[in-house]
$ cat data-v1.txt   # compact mmCIF, C-alpha atoms
# COMPACT_ATOMS: atom_id res chain seq x y z
CA MET B 183 -81.44 -176.62 88.03
CA LYS B 184 -82.86 -179.87 89.41
CA SER B 185 -79.78 -180.52 91.56
CA THR B 186 -79.87 -176.94 92.86
CA THR B 187 -83.51 -177.30 93.88
CA GLU B 188 -82.79 -180.65 95.51
CA ARG B 189 -79.93 -179.16 97.55
CA LYS B 190 -82.16 -176.32 98.75
CA LEU B 191 -84.90 -178.76 99.74
CA ALA B 192 -82.40 -180.97 101.56
CA ARG B 193 -80.97 -177.99 103.47
CA ASN B 194 -84.47 -176.87 104.49
CA ALA B 195 -85.45 -180.40 105.54
CA ALA B 196 -82.29 -180.72 107.65
CA ARG B 197 -82.95 -177.40 109.37
CA ALA B 198 -86.55 -178.45 110.05
CA CYS B 199 -85.36 -181.71 111.66
CA LEU B 200 -82.87 -179.84 113.82
CA LEU B 201 -85.53 -177.35 114.90
CA ILE B 202 -87.92 -180.16 115.86
CA PHE B 203 -85.16 -181.83 117.87
CA LEU B 204 -84.40 -178.63 119.79
CA VAL B 205 -88.10 -178.01 120.45
CA ILE B 206 -88.45 -181.54 121.86
CA VAL B 207 -85.40 -181.04 124.08
CA VAL B 208 -86.82 -177.80 125.51
CA ALA B 209 -90.32 -179.23 125.86
CA SER B 210 -89.00 -182.25 127.78
CA PHE B 211 -88.19 -179.92 130.69
CA PHE B 212 -91.88 -179.05 131.02
CA ALA B 213 -93.65 -182.23 129.94
CA ASP B 214 -93.17 -185.98 130.17
CA ILE B 215 -91.94 -186.73 126.65
CA PRO B 216 -90.36 -190.10 125.76
CA TYR B 217 -86.65 -189.52 125.23
CA TRP B 218 -86.62 -191.47 121.96
CA TRP B 219 -88.87 -188.86 120.32
CA GLY B 220 -85.88 -186.59 120.03
CA TRP B 221 -83.71 -189.24 118.41
CA VAL B 222 -85.98 -189.43 115.35
CA PRO B 223 -85.49 -185.86 114.05
CA LEU B 224 -81.85 -185.89 115.19
CA GLY B 225 -81.21 -189.08 113.23
CA LEU B 226 -82.94 -187.67 110.16
CA TRP B 227 -80.84 -184.49 110.44
CA ILE B 228 -77.65 -186.60 110.44
CA LEU B 229 -78.83 -188.79 107.56
CA ILE B 230 -79.84 -185.83 105.41
CA GLY B 231 -76.50 -184.15 106.07
CA PHE B 232 -74.67 -187.36 105.14
CA GLY B 233 -76.68 -187.62 101.92
CA VAL B 234 -76.02 -183.99 100.99
CA ASN B 235 -72.29 -184.49 101.52
CA ARG B 236 -72.21 -187.60 99.34
CA ARG B 237 -74.14 -185.93 96.52
CA ALA B 238 -71.88 -182.88 96.73
CA ALA B 239 -68.79 -185.11 96.58
CA ARG B 240 -70.07 -186.71 93.39
CA ALA B 241 -70.91 -183.29 91.91
CA GLU B 242 -67.42 -181.98 92.73
CA GLY B 243 -65.81 -185.04 91.16
CA GLU B 244 -63.99 -186.03 94.34
CA GLY B 245 -62.03 -189.22 93.85
CA ALA B 246 -59.87 -191.46 95.97
CA THR B 247 -56.79 -189.40 95.16
CA GLY B 248 -58.34 -185.94 95.57
CA PRO B 249 -60.38 -183.45 93.56
CA ALA B 250 -60.78 -184.01 89.83
CA ARG B 251 -60.74 -180.26 89.23
CA GLU B 252 -57.39 -178.49 89.21
CA PRO B 253 -56.92 -175.93 92.01
CA VAL B 254 -57.51 -172.33 90.99
CA ALA B 255 -54.45 -170.15 91.63
CA VAL B 256 -55.24 -166.87 93.40
CA ALA B 257 -53.37 -164.45 95.63
CA ALA B 258 -53.52 -164.86 99.41
CA PRO B 259 -56.41 -162.98 101.08
CA VAL B 260 -54.10 -161.53 103.78
CA ALA B 261 -50.56 -160.27 104.24
CA GLY B 262 -48.09 -161.08 106.99
CA ARG B 263 -47.51 -164.13 109.18
CA TRP B 264 -50.54 -166.39 109.67
CA LYS B 265 -51.34 -169.93 110.81
CA ALA B 266 -53.70 -172.30 109.00
CA LEU B 267 -56.51 -174.27 110.67
CA ASN B 268 -59.09 -176.66 109.19
CA SER B 269 -57.16 -176.89 105.93
CA PRO B 270 -58.15 -178.83 102.80
CA ALA B 271 -54.48 -179.86 102.62
CA ASP B 272 -55.26 -182.22 105.52
CA LYS B 273 -58.73 -183.49 104.63
CA VAL B 274 -61.70 -182.84 102.35
CA PRO B 275 -64.21 -181.64 103.35
CA SER B 276 -61.96 -179.47 105.50
CA HIS B 277 -64.72 -178.46 107.93
CA GLY B 278 -66.40 -181.86 108.04
CA THR B 279 -69.18 -180.82 105.67
CA ARG B 280 -69.66 -179.73 102.07
CA ALA B 281 -72.60 -177.52 102.97
CA TYR B 282 -72.46 -173.91 101.78
CA GLY B 283 -69.68 -174.64 99.27
CA GLN B 284 -67.02 -175.10 101.96
CA ALA B 285 -65.50 -178.44 100.93
CA TYR B 286 -62.11 -176.76 100.33
CA ALA B 287 -62.47 -173.90 102.81
CA ILE B 288 -59.63 -172.86 105.09
CA ASP B 289 -59.44 -170.93 108.38
CA ILE B 290 -56.40 -168.80 109.18
CA VAL B 291 -55.41 -166.87 112.30
CA ALA B 292 -52.77 -164.15 112.56
CA GLU B 293 -49.58 -164.95 114.47
CA PRO B 294 -47.14 -162.11 113.83
CA GLU B 295 -44.86 -163.68 116.44
CA PRO B 296 -44.81 -167.22 117.89
CA ASP B 297 -47.37 -167.60 120.71
CA SER B 298 -48.65 -164.04 120.13
CA ARG B 299 -52.22 -165.37 119.97
CA PRO B 300 -54.04 -166.11 123.27
CA ALA B 301 -54.01 -169.81 124.14
CA PHE B 302 -57.08 -172.01 124.46
CA GLY B 303 -57.82 -173.11 128.02
CA TRP B 304 -60.20 -172.94 130.97
CA TRP B 305 -59.82 -169.29 131.86
CA PRO B 306 -60.78 -166.63 131.01
CA LEU B 307 -64.12 -167.89 129.74
CA VAL B 308 -64.19 -165.29 126.94
CA ARG B 309 -61.81 -162.67 125.61
CA ARG B 310 -62.14 -159.35 123.86
CA ASN B 311 -61.52 -159.42 120.13
CA GLU B 312 -58.75 -156.86 120.52
CA ASP B 313 -56.70 -159.51 122.35
CA PHE B 314 -56.26 -161.38 119.05
CA PRO B 315 -53.80 -160.10 116.43
CA ALA B 316 -56.10 -161.15 113.57
CA PHE B 317 -58.83 -158.71 114.62
CA GLY B 318 -58.82 -155.73 112.28
CA ALA B 319 -56.28 -157.21 109.84
CA PRO B 320 -56.98 -156.14 106.22
CA LEU B 321 -58.76 -158.59 103.92
CA LEU B 322 -57.37 -158.42 100.39
CA ALA B 323 -58.95 -159.22 97.04
CA VAL B 324 -57.36 -162.42 95.72
CA ALA B 325 -57.85 -161.39 92.08
CA ASP B 326 -59.40 -158.75 89.88
CA ALA B 327 -63.09 -159.32 90.49
CA THR B 328 -66.62 -157.99 90.88
CA VAL B 329 -68.26 -157.80 94.29
CA VAL B 330 -71.49 -159.78 94.10
CA ARG B 331 -72.33 -159.67 97.81
CA ALA B 332 -71.16 -157.48 100.69
CA GLU B 333 -73.08 -158.17 103.90
CA ASP B 334 -72.55 -156.12 107.06
CA GLY B 335 -74.41 -155.53 110.32
CA SER B 336 -73.71 -158.65 112.39
CA ARG B 337 -71.95 -157.91 115.67
CA ASP B 338 -68.48 -159.17 116.55
CA HIS B 339 -69.06 -161.34 119.62
CA LEU B 340 -66.57 -162.26 122.33
CA SER B 341 -64.26 -165.21 121.76
CA ARG B 342 -65.21 -168.83 122.44
CA THR B 343 -61.65 -169.90 123.30
CA SER B 344 -62.21 -171.70 126.60
CA TRP B 345 -63.57 -175.20 127.16
CA PRO B 346 -66.93 -174.02 128.57
CA ALA B 347 -67.33 -171.46 125.76
CA ALA B 348 -66.41 -174.05 123.13
CA VAL B 349 -69.05 -176.45 124.46
CA TYR B 350 -71.59 -173.61 124.33
CA LEU B 351 -70.60 -172.85 120.72
CA LEU B 352 -70.81 -176.47 119.57
CA ALA B 353 -73.89 -177.55 121.52
CA LEU B 354 -76.08 -174.43 121.51
CA GLU B 355 -74.90 -171.45 119.51
CA GLY B 356 -73.76 -173.39 116.44
CA PRO B 357 -77.00 -175.39 115.99
CA ALA B 358 -79.06 -172.25 116.63
CA ARG B 359 -77.16 -170.41 113.91
CA ALA B 360 -77.54 -173.36 111.55
CA LEU B 361 -81.32 -172.99 111.84
CA GLY B 362 -81.02 -169.52 110.32
CA GLY B 363 -79.12 -170.67 107.24
CA ALA B 364 -75.98 -169.22 105.69
CA ARG B 365 -76.09 -165.64 107.00
CA PRO B 366 -75.96 -166.41 110.76
CA LEU B 367 -73.15 -168.90 110.14
CA LEU B 368 -71.06 -166.67 107.88
CA GLY B 369 -71.66 -163.45 109.76
CA ASN B 370 -70.53 -160.41 107.81
CA HIS B 371 -69.10 -161.59 104.51
CA VAL B 372 -67.94 -160.66 101.03
CA ILE B 373 -68.34 -162.71 97.84
CA LEU B 374 -66.30 -161.92 94.73
CA ASP B 375 -66.95 -163.09 91.18
CA LEU B 376 -63.50 -163.98 89.82
CA GLY B 377 -64.83 -165.00 86.42
CA ASN B 378 -64.95 -168.41 84.71
CA GLY B 379 -67.57 -169.59 87.20
CA VAL B 380 -65.35 -169.15 90.26
CA HIS B 381 -66.36 -167.13 93.34
CA ALA B 382 -64.36 -166.27 96.46
CA LEU B 383 -66.01 -165.99 99.87
CA TYR B 384 -64.60 -164.25 102.96
CA ALA B 385 -66.56 -164.90 106.18
CA HIS B 386 -66.59 -163.49 109.75
CA VAL B 387 -65.74 -159.96 108.58
CA ARG B 388 -65.55 -157.19 111.17
CA ARG B 389 -68.75 -155.18 111.47
CA GLY B 390 -68.54 -151.76 109.87
CA SER B 391 -65.21 -152.45 108.17
CA LEU B 392 -66.34 -153.15 104.60
CA THR B 393 -64.87 -150.77 102.04
CA VAL B 394 -66.73 -152.24 99.06
CA ARG B 395 -70.34 -152.60 97.99
CA THR B 396 -72.21 -154.98 95.73
CA GLY B 397 -71.40 -154.19 92.11
CA ASP B 398 -67.97 -152.68 92.77
CA ARG B 399 -64.98 -153.73 90.67
CA VAL B 400 -61.85 -154.49 92.69
CA ARG B 401 -58.22 -155.12 91.78
CA ALA B 402 -56.07 -157.90 93.19
CA GLY B 403 -54.62 -156.79 96.52
CA GLU B 404 -57.27 -154.15 97.15
CA THR B 405 -58.61 -153.97 100.72
CA LEU B 406 -62.17 -155.27 101.08
CA GLY B 407 -62.62 -154.94 104.84
CA GLN B 408 -61.13 -156.30 108.04
CA CYS B 409 -60.92 -159.64 109.79
CA GLY B 410 -63.57 -159.93 112.50
CA ASP B 411 -65.39 -162.35 114.76
CA SER B 412 -68.96 -162.29 113.46
CA GLY B 413 -71.09 -165.36 112.76
CA ASN B 414 -70.24 -168.91 113.81
CA SER B 415 -66.71 -168.14 114.93
CA SER B 416 -64.63 -169.13 117.95
CA GLU B 417 -62.16 -166.23 117.63
CA PRO B 418 -61.20 -163.53 115.10
CA HIS B 419 -60.06 -165.38 111.99
CA VAL B 420 -60.42 -165.47 108.23
CA HIS B 421 -62.60 -168.15 106.67
CA PHE B 422 -61.80 -168.30 102.95
CA GLN B 423 -63.14 -170.52 100.20
CA LEU B 424 -63.67 -170.76 96.47
CA MET B 425 -66.95 -172.04 95.07
CA ASP B 426 -68.71 -172.43 91.73
CA ALA B 427 -71.66 -170.09 92.35
CA ALA B 428 -72.42 -166.81 94.09
CA ASP B 429 -74.97 -168.37 96.44
CA PRO B 430 -73.27 -170.54 99.09
CA VAL B 431 -76.55 -172.39 99.71
CA THR B 432 -76.35 -174.04 96.28
CA ALA B 433 -72.64 -173.74 95.51
CA GLN B 434 -70.10 -176.55 95.29
CA GLY B 435 -66.59 -176.11 96.62
CA VAL B 436 -63.66 -175.36 94.31
CA PRO B 437 -60.04 -176.20 95.31
CA PHE B 438 -57.57 -173.31 95.49
CA THR B 439 -53.88 -172.60 95.81
CA TRP B 440 -52.37 -169.32 96.98
CA GLN B 441 -49.64 -167.92 94.77
CA GLY B 442 -46.32 -167.97 96.60
CA VAL B 443 -47.83 -169.94 99.50
CA GLY B 444 -49.68 -172.98 98.18
CA VAL B 445 -52.17 -174.56 100.58
CA PRO B 446 -50.78 -174.57 104.15
CA ARG B 447 -51.60 -177.56 106.32
CA GLY B 448 -53.38 -177.25 109.65
CA GLY B 449 -51.03 -175.82 112.27
CA GLU B 450 -48.57 -174.60 109.62
CA THR B 451 -47.48 -170.95 109.68
CA PHE B 452 -46.92 -169.08 106.44
CA GLU B 453 -45.83 -165.65 105.33
CA ALA B 454 -47.97 -163.87 102.72
CA ALA B 455 -46.32 -161.00 100.89
CA ALA B 456 -47.92 -157.56 101.02
CA PRO B 457 -49.66 -156.66 97.74
CA ARG B 458 -47.81 -154.48 95.32
CA THR B 459 -49.20 -151.00 94.91
CA ALA B 460 -49.66 -149.53 91.48
CA PRO B 461 -47.22 -146.72 90.62
CA ALA B 462 -48.58 -143.19 90.82
CA SER B 463 -49.60 -141.82 87.44
$ encode --input "data-v1.txt" --output "structure tokens"
Amino acid sequence: MKSTTERKLARNAARACLLIFLVIVVASFFADIPYWWGWVPLGLWILIGFGVNRRAARAEGEGATGPAREPVAVAAPVAGRWKALNSPADKVPSHGTRAYGQAYAIDIVAEPEPDSRPAFGWWPLVRRNEDFPAFGAPLLAVADATVVRAEDGSRDHLSRTSWPAAVYLLALEGPARALGGARPLLGNHVILDLGNGVHALYAHVRRGSLTVRTGDRVRAGETLGQCGDSGNSSEPHVHFQLMDAADPVTAQGVPFTWQGVGVPRGGETFEAAAPRTAPAS
């Protein structure tokens, strides 16, 4: 309980420092403010984040050779041909932070055919979500589980797959979302209780696509919703992770492996089999 409270306090302190920094930056356009004032809260934000990551690493038992905990084997959350990005097979934490239980998180994008996904570049500045094959792809339950959270309502924004849009996402939109906590970052999301203290999180779900509600029981392979582009996302993709609690604010990451796939490395394509349907009774 003490460690949980400490993590919450650290997250709130980091958000406060980031907010103060942004306020100083904006205020400097209207008043003569010494530039070094902004470096103080920015430095504290970085230090607090570094401290949270180190404490989380100790709590997760991360060693020089990898996680002390054995990966939990679950089914893949999608079917078809996909490509992995930001994979824990390449580094831990995979997204550069252990915040919100994402030490072993992975991002995947649909590529039904080679080069079928729009390329990153200078133009167009943004794209419609329908241009990406991942948009609308079914999200599948990775195990028999109970839905403990099913959040909807966040819009699916346009892509951030150009250099100017990426700078906007990293410099402005991302920090602004971080001030709001987990929900603005995750967008629409589903959290499943798999049992034995393990929870699965699916982020950036398509608005209005959820087919489950909190409290529902689901079977492995059952459709939960669709891949979207809500929250802190550059393009329609699936962000998947396992964690040791239902609340990502206090959760620690849990390593996973997908049955029949393993853990694909960043840039690696993989084929996930379609779930088997139960025979008609």
$ residues_around --input "data-v1.txt" --residues "region 330-339 of chain B" --least-positions-apart "4" --cutoff "8 Å" --atoms "all atoms listed in the file" --output "number ranges by chain"
B: 311, 369-375, 387-390, 392, 394-397, 410-413, 428
$ atom_distance --input "data-v1.txt" --atom1 "CA of Val256 (chain B)" --atom2 "CA of Ala360 (chain B)"
29.5 Å
$ atom_distance --input "data-v1.txt" --atom1 "CA of Ala402 (chain B)" --atom2 "CA of Glu312 (chain B)"
27.5 Å
$ closest_residue --input "data-v1.txt" --among "B:Ala198, B:Ala301, B:Val291, B:Glu453" --to "Pro357 (chain B)" --atoms "all atoms listed in the file"
B:Ala198
$ closest_residue --input "data-v1.txt" --among "B:Pro320, B:Ala213, B:Asn414, B:Gly262" --to "Ala358 (chain B)" --atoms "only C-alpha atoms"
B:Asn414
$ atom_distance --input "data-v1.txt" --atom1 "CA of Ala385 (chain B)" --atom2 "CA of Ala266 (chain B)"
15.1 Å
$ closest_residue --input "data-v1.txt" --among "B:Thr405, B:Thr328, B:Ser298, B:Ser416" --to "Pro346 (chain B)" --atoms "all atoms listed in the file"
B:Ser416
$ closest_residue --input "data-v1.txt" --among "B:Glu252, B:Asp429, B:Asp313, B:Glu450" --to "Trp264 (chain B)" --atoms "only C-alpha atoms"
B:Glu450
$ closest_residue --input "data-v1.txt" --among "B:Gly444, B:Pro259, B:Pro418, B:Gly403" --to "Arg309 (chain B)" --atoms "only C-alpha atoms"
B:Pro418
$ closest_residue --input "data-v1.txt" --among "B:Gly283, B:Ile288, B:Ala353, B:Ser344" --to "Ala271 (chain B)" --atoms "all atoms listed in the file"
B:Ile288
$ residues_near_point --input "data-v1.txt" --point "(-65.9, -168.2, 123.6)" --cutoff "8 Å" --atoms "all atoms listed in the file" --output "list of chain:residue names"
B:Leu307, B:Val308, B:Arg309, B:Leu340, B:Ser341, B:Arg342, B:Thr343, B:Ser344, B:Pro346, B:Ala347, B:Ala348, B:Tyr350, B:Leu351, B:Ser416, B:Glu417
$ residues_around --input "data-v1.txt" --residues "Gly377 (chain B)" --least-positions-apart "3" --cutoff "10 Å" --atoms "all atoms listed in the file" --output "list in words"
Ala325, Asp326, Ala327, Thr328, Leu374, Val380, His381 and Asp426 of chain B
$ write_last_selection --input "data-v1.txt" --atoms "C-alpha atoms" --output "compact mmCIF listing (two decimals), keeping the file's coordinate frame"
# COMPACT_ATOMS: atom_id res chain seq x y z
CA ALA B 325 -57.85 -161.39 92.08
CA ASP B 326 -59.40 -158.75 89.88
CA ALA B 327 -63.09 -159.32 90.49
CA THR B 328 -66.62 -157.99 90.88
CA LEU B 374 -66.30 -161.92 94.73
CA VAL B 380 -65.35 -169.15 90.26
CA HIS B 381 -66.36 -167.13 93.34
CA ASP B 426 -68.71 -172.43 91.73
